[in-house]
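Worksheet for the structure shown next.
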Amino acid sequence: MLDYLVLYQSESGNTKKIAASIFSRLPGNSKDLIDIDTDKTIPEANIYFIGFCVHRGSCSMEVSDFLSDLSGKQIALFGTCGMGDSPEYYKDIAGRVSAWIEADNDYLGYFICQGKMPQKVRMKYESMRTDENNDQIDRFIQNFDLALTHPDDLDVEHAKVFVDHMLKKIQL
């Protein structure tokens, strides 16, 4: 059994980038970094760092199913979100995702940062524009443009601080 498993799902590479920084910050050699969508067997671990990309304010079914199958583990969540750079929104997302964690686990906390979105999202926003929603679409496009550089170096540093904070909580 591993000490640490960093398991993630990433569609655009954002969550993979954060997963790699979390993995590199974990001590020792009893650890692994695995994409949840791989065919590779997922090993057991004492502590799980589970990453996801946000869709409609939550995680995918693959991630929620994995979370709900864990028992007696220590779990920290991390994710990337294109829409908004809001601590309140991130807290809501973490609450929805952590609801999949069974009560016999120890939920340690979460880290979520902004991530860039595919260009097709911006095109979708532009195609949705009407006279009535012009201001809202402008805000969506402004957020899209701001997200283009994320996760950035500061996001990666914040992920490392998150790991340090989690390590202080962890009992191996």
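As shown in the structure tokens, the chain order sets the letters A, B, ...; within each chain, residues go from 1, and ligands are also counted from 1 in the order they appear.
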
Strand (DSSP E or B) residues, from DSSP on the backbone, in stretch 34-125 of chain A, as a PyMOL selection string: chain A and resi 34-35+45-53+55+58+74-81+106-114

So that I can check the surroundings of A:Asp3, please list as an mmCIF file with C-alpha atoms, in the first residue's frame every protein, DNA and RNA residue that reaches within 6 Å of it, counting only C-alpha atoms and ignoring chain neighbours fewer than 4 positions away.
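Just written: selection_39.cif:
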```cif
data_model
loop_
_atom_site.group_PDB
_atom_site.id
_atom_site.type_symbol
_atom_site.label_atom_id
_atom_site.label_comp_id
_atom_site.auth_asym_id
_atom_site.auth_seq_id
_atom_site.Cartn_x
_atom_site.Cartn_y
_atom_site.Cartn_z
ATOM 1 C CA SER A 30 5.797 5.573 -1.520
ATOM 2 C CA LYS A 31 3.579 7.577 -3.855
ATOM 3 C CA ALA A 45 -3.030 4.279 -0.457
ATOM 4 C CA ASN A 46 -3.332 5.702 3.007
#
```

Between A:Gly51, A:Ile137, A:Tyr110, A:Met83, which has the minimum distance to A:Met123 (counting only C-alpha atoms)? A:Ile137

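Taking only C-alpha atoms into account, A:Ala147 lies nearest to A:Gly84 out of the set A:Gly84, A:Gly95, A:Tyr125, A:Glu132.
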
Using only C-alpha atoms, which residues sit within 9 Å of A:Phe144 once same-chain residues fewer than 3 positions away are excluded, as a PyMOL selection string? chain A and resi 82-84+116-117+119+121-122+139-141+147-148

I want to know what sits within 8 Å of A:Val63, based on only C-alpha atoms, with residues of the same chain fewer than 2 positions away left out; could you give that as a ChimeraX atom specification? /A:9,36,52,59-61,65-67

Suppose we keep N, CA, C and O atoms; can you now write the selection as a PDB file, in the first residue's frame?
```pdb
ATOM      1  N   GLN A   9      -8.325  13.705 -12.798  1.00  0.00           N
ATOM      2  CA  GLN A   9      -8.957  13.677 -14.114  1.00  0.00           C
ATOM      3  C   GLN A   9      -8.776  15.064 -14.717  1.00  0.00           C
ATOM      4  O   GLN A   9      -9.092  16.067 -14.065  1.00  0.00           O
ATOM      5  N   ILE A  36      -7.137   9.162 -13.571  1.00  0.00           N
ATOM      6  CA  ILE A  36      -8.246   8.252 -13.255  1.00  0.00           C
ATOM      7  C   ILE A  36      -8.784   7.556 -14.503  1.00  0.00           C
ATOM      8  O   ILE A  36      -9.361   6.478 -14.420  1.00  0.00           O
ATOM      9  N   PHE A  52      -9.881  16.992  -9.921  1.00  0.00           N
ATOM     10  CA  PHE A  52     -10.963  16.974 -10.896  1.00  0.00           C
ATOM     11  C   PHE A  52     -11.053  18.317 -11.607  1.00  0.00           C
ATOM     12  O   PHE A  52     -10.616  19.342 -11.098  1.00  0.00           O
ATOM     13  N   CYS A  59     -17.835  17.583  -9.872  1.00  0.00           N
ATOM     14  CA  CYS A  59     -16.871  16.713 -10.538  1.00  0.00           C
ATOM     15  C   CYS A  59     -17.619  15.734 -11.443  1.00  0.00           C
ATOM     16  O   CYS A  59     -18.841  15.660 -11.419  1.00  0.00           O
ATOM     17  N   SER A  60     -16.874  14.958 -12.194  1.00  0.00           N
ATOM     18  CA  SER A  60     -17.467  13.943 -13.073  1.00  0.00           C
ATOM     19  C   SER A  60     -17.972  12.752 -12.257  1.00  0.00           C
ATOM     20  O   SER A  60     -17.603  12.574 -11.090  1.00  0.00           O
ATOM     21  N   MET A  61     -18.765  11.925 -12.893  1.00  0.00           N
ATOM     22  CA  MET A  61     -19.260  10.704 -12.248  1.00  0.00           C
ATOM     23  C   MET A  61     -18.113   9.746 -11.923  1.00  0.00           C
ATOM     24  O   MET A  61     -18.159   9.060 -10.902  1.00  0.00           O
ATOM     25  N   ASP A  65     -17.790   8.499  -8.214  1.00  0.00           N
ATOM     26  CA  ASP A  65     -17.852   7.054  -7.951  1.00  0.00           C
ATOM     27  C   ASP A  65     -16.618   6.581  -7.198  1.00  0.00           C
ATOM     28  O   ASP A  65     -16.726   5.787  -6.249  1.00  0.00           O
ATOM     29  N   PHE A  66     -15.439   7.069  -7.612  1.00  0.00           N
ATOM     30  CA  PHE A  66     -14.213   6.679  -6.921  1.00  0.00           C
ATOM     31  C   PHE A  66     -14.252   7.149  -5.469  1.00  0.00           C
ATOM     32  O   PHE A  66     -13.942   6.389  -4.548  1.00  0.00           O
ATOM     33  N   LEU A  67     -14.643   8.402  -5.259  1.00  0.00           N
ATOM     34  CA  LEU A  67     -14.714   8.944  -3.897  1.00  0.00           C
ATOM     35  C   LEU A  67     -15.655   8.127  -3.023  1.00  0.00           C
ATOM     36  O   LEU A  67     -15.330   7.807  -1.869  1.00  0.00           O
TER      37      LEU A  67
END
```

For A:Ile34, find every residue with an atom within 8 Å (counting only C-alpha atoms), except residues of its own chain fewer than 5 positions away, and show them as a list in words.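 The residues satisfying every condition are Leu5, Val6, Leu7, Tyr8 and Ile42 of chain A.
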
Mind checking DSSP for chain A and telling me the helix (DSSP H, G or I) residues as a ChimeraX atom specification? /A:14-25,61-69,87-98,119-127,134-147,153-169

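For stretch 10-22 of chain A, the set of protein, DNA and RNA residues having any atom at most 7 Å away, when counting only C-alpha atoms and skipping those fewer than 3 positions along the same chain, is Val6, Arg25, Leu26, Gly51, Phe52, Cys53, Gly79, Thr80, Gly115, Pro151, Val156, Ala159, Lys160 and Val163 of chain A.
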
State, in Å with one decimal place, the distance from atom CA of A:Ile93 to atom CA of A:Leu77. 10.5 Å

Can you tell me which residues surround A:Asp106 at a distance of at most 9 Å, considering only C-alpha atoms, apart from same-chain residues fewer than 5 positions away, and format the answer as a PyMOL selection string? chain A and resi 72-76+101

Just the selected residues (all heavy atoms), exported as a tab-separated table (two decimals), in the first residue's frame, please.
```tsv
chain	number	residue	atom	x	y	z
A	72	GLY	N	-12.22	4.46	5.08
A	72	GLY	CA	-11.14	4.50	6.06
A	72	GLY	C	-9.88	5.19	5.56
A	72	GLY	O	-8.78	4.84	6.01
A	73	LYS	N	-10.02	6.14	4.67
A	73	LYS	CA	-8.86	6.83	4.08
A	73	LYS	C	-8.85	8.30	4.47
A	73	LYS	O	-9.84	8.86	4.93
A	73	LYS	CB	-8.91	6.73	2.55
A	73	LYS	CG	-8.98	5.33	2.01
A	73	LYS	CD	-7.77	4.51	2.39
A	73	LYS	CE	-7.87	3.10	1.82
A	73	LYS	NZ	-6.80	2.24	2.28
A	74	GLN	N	-7.70	8.92	4.27
A	74	GLN	CA	-7.57	10.36	4.40
A	74	GLN	C	-7.59	10.93	2.99
A	74	GLN	O	-6.86	10.45	2.11
A	74	GLN	CB	-6.28	10.72	5.13
A	74	GLN	CG	-6.28	10.22	6.58
A	74	GLN	CD	-5.01	10.56	7.30
A	74	GLN	OE1	-4.84	11.68	7.75
A	74	GLN	NE2	-4.10	9.59	7.39
A	75	ILE	N	-8.45	11.94	2.79
A	75	ILE	CA	-8.70	12.43	1.43
A	75	ILE	C	-8.61	13.95	1.38
A	75	ILE	O	-9.24	14.64	2.19
A	75	ILE	CB	-10.11	12.00	0.96
A	75	ILE	CG1	-10.24	10.48	0.99
A	75	ILE	CG2	-10.39	12.55	-0.44
A	75	ILE	CD1	-11.65	9.97	0.81
A	76	ALA	N	-7.84	14.43	0.41
A	76	ALA	CA	-7.78	15.86	0.10
A	76	ALA	C	-8.20	16.02	-1.35
A	76	ALA	O	-7.83	15.22	-2.21
A	76	ALA	CB	-6.37	16.40	0.31
A	101	ILE	N	-17.80	11.78	-0.31
A	101	ILE	CA	-16.87	11.10	0.59
A	101	ILE	C	-17.65	10.51	1.76
A	101	ILE	O	-18.34	11.22	2.48
A	101	ILE	CB	-15.78	12.08	1.10
A	101	ILE	CG1	-14.98	12.63	-0.08
A	101	ILE	CG2	-14.88	11.39	2.12
A	101	ILE	CD1	-14.01	13.75	0.31
```
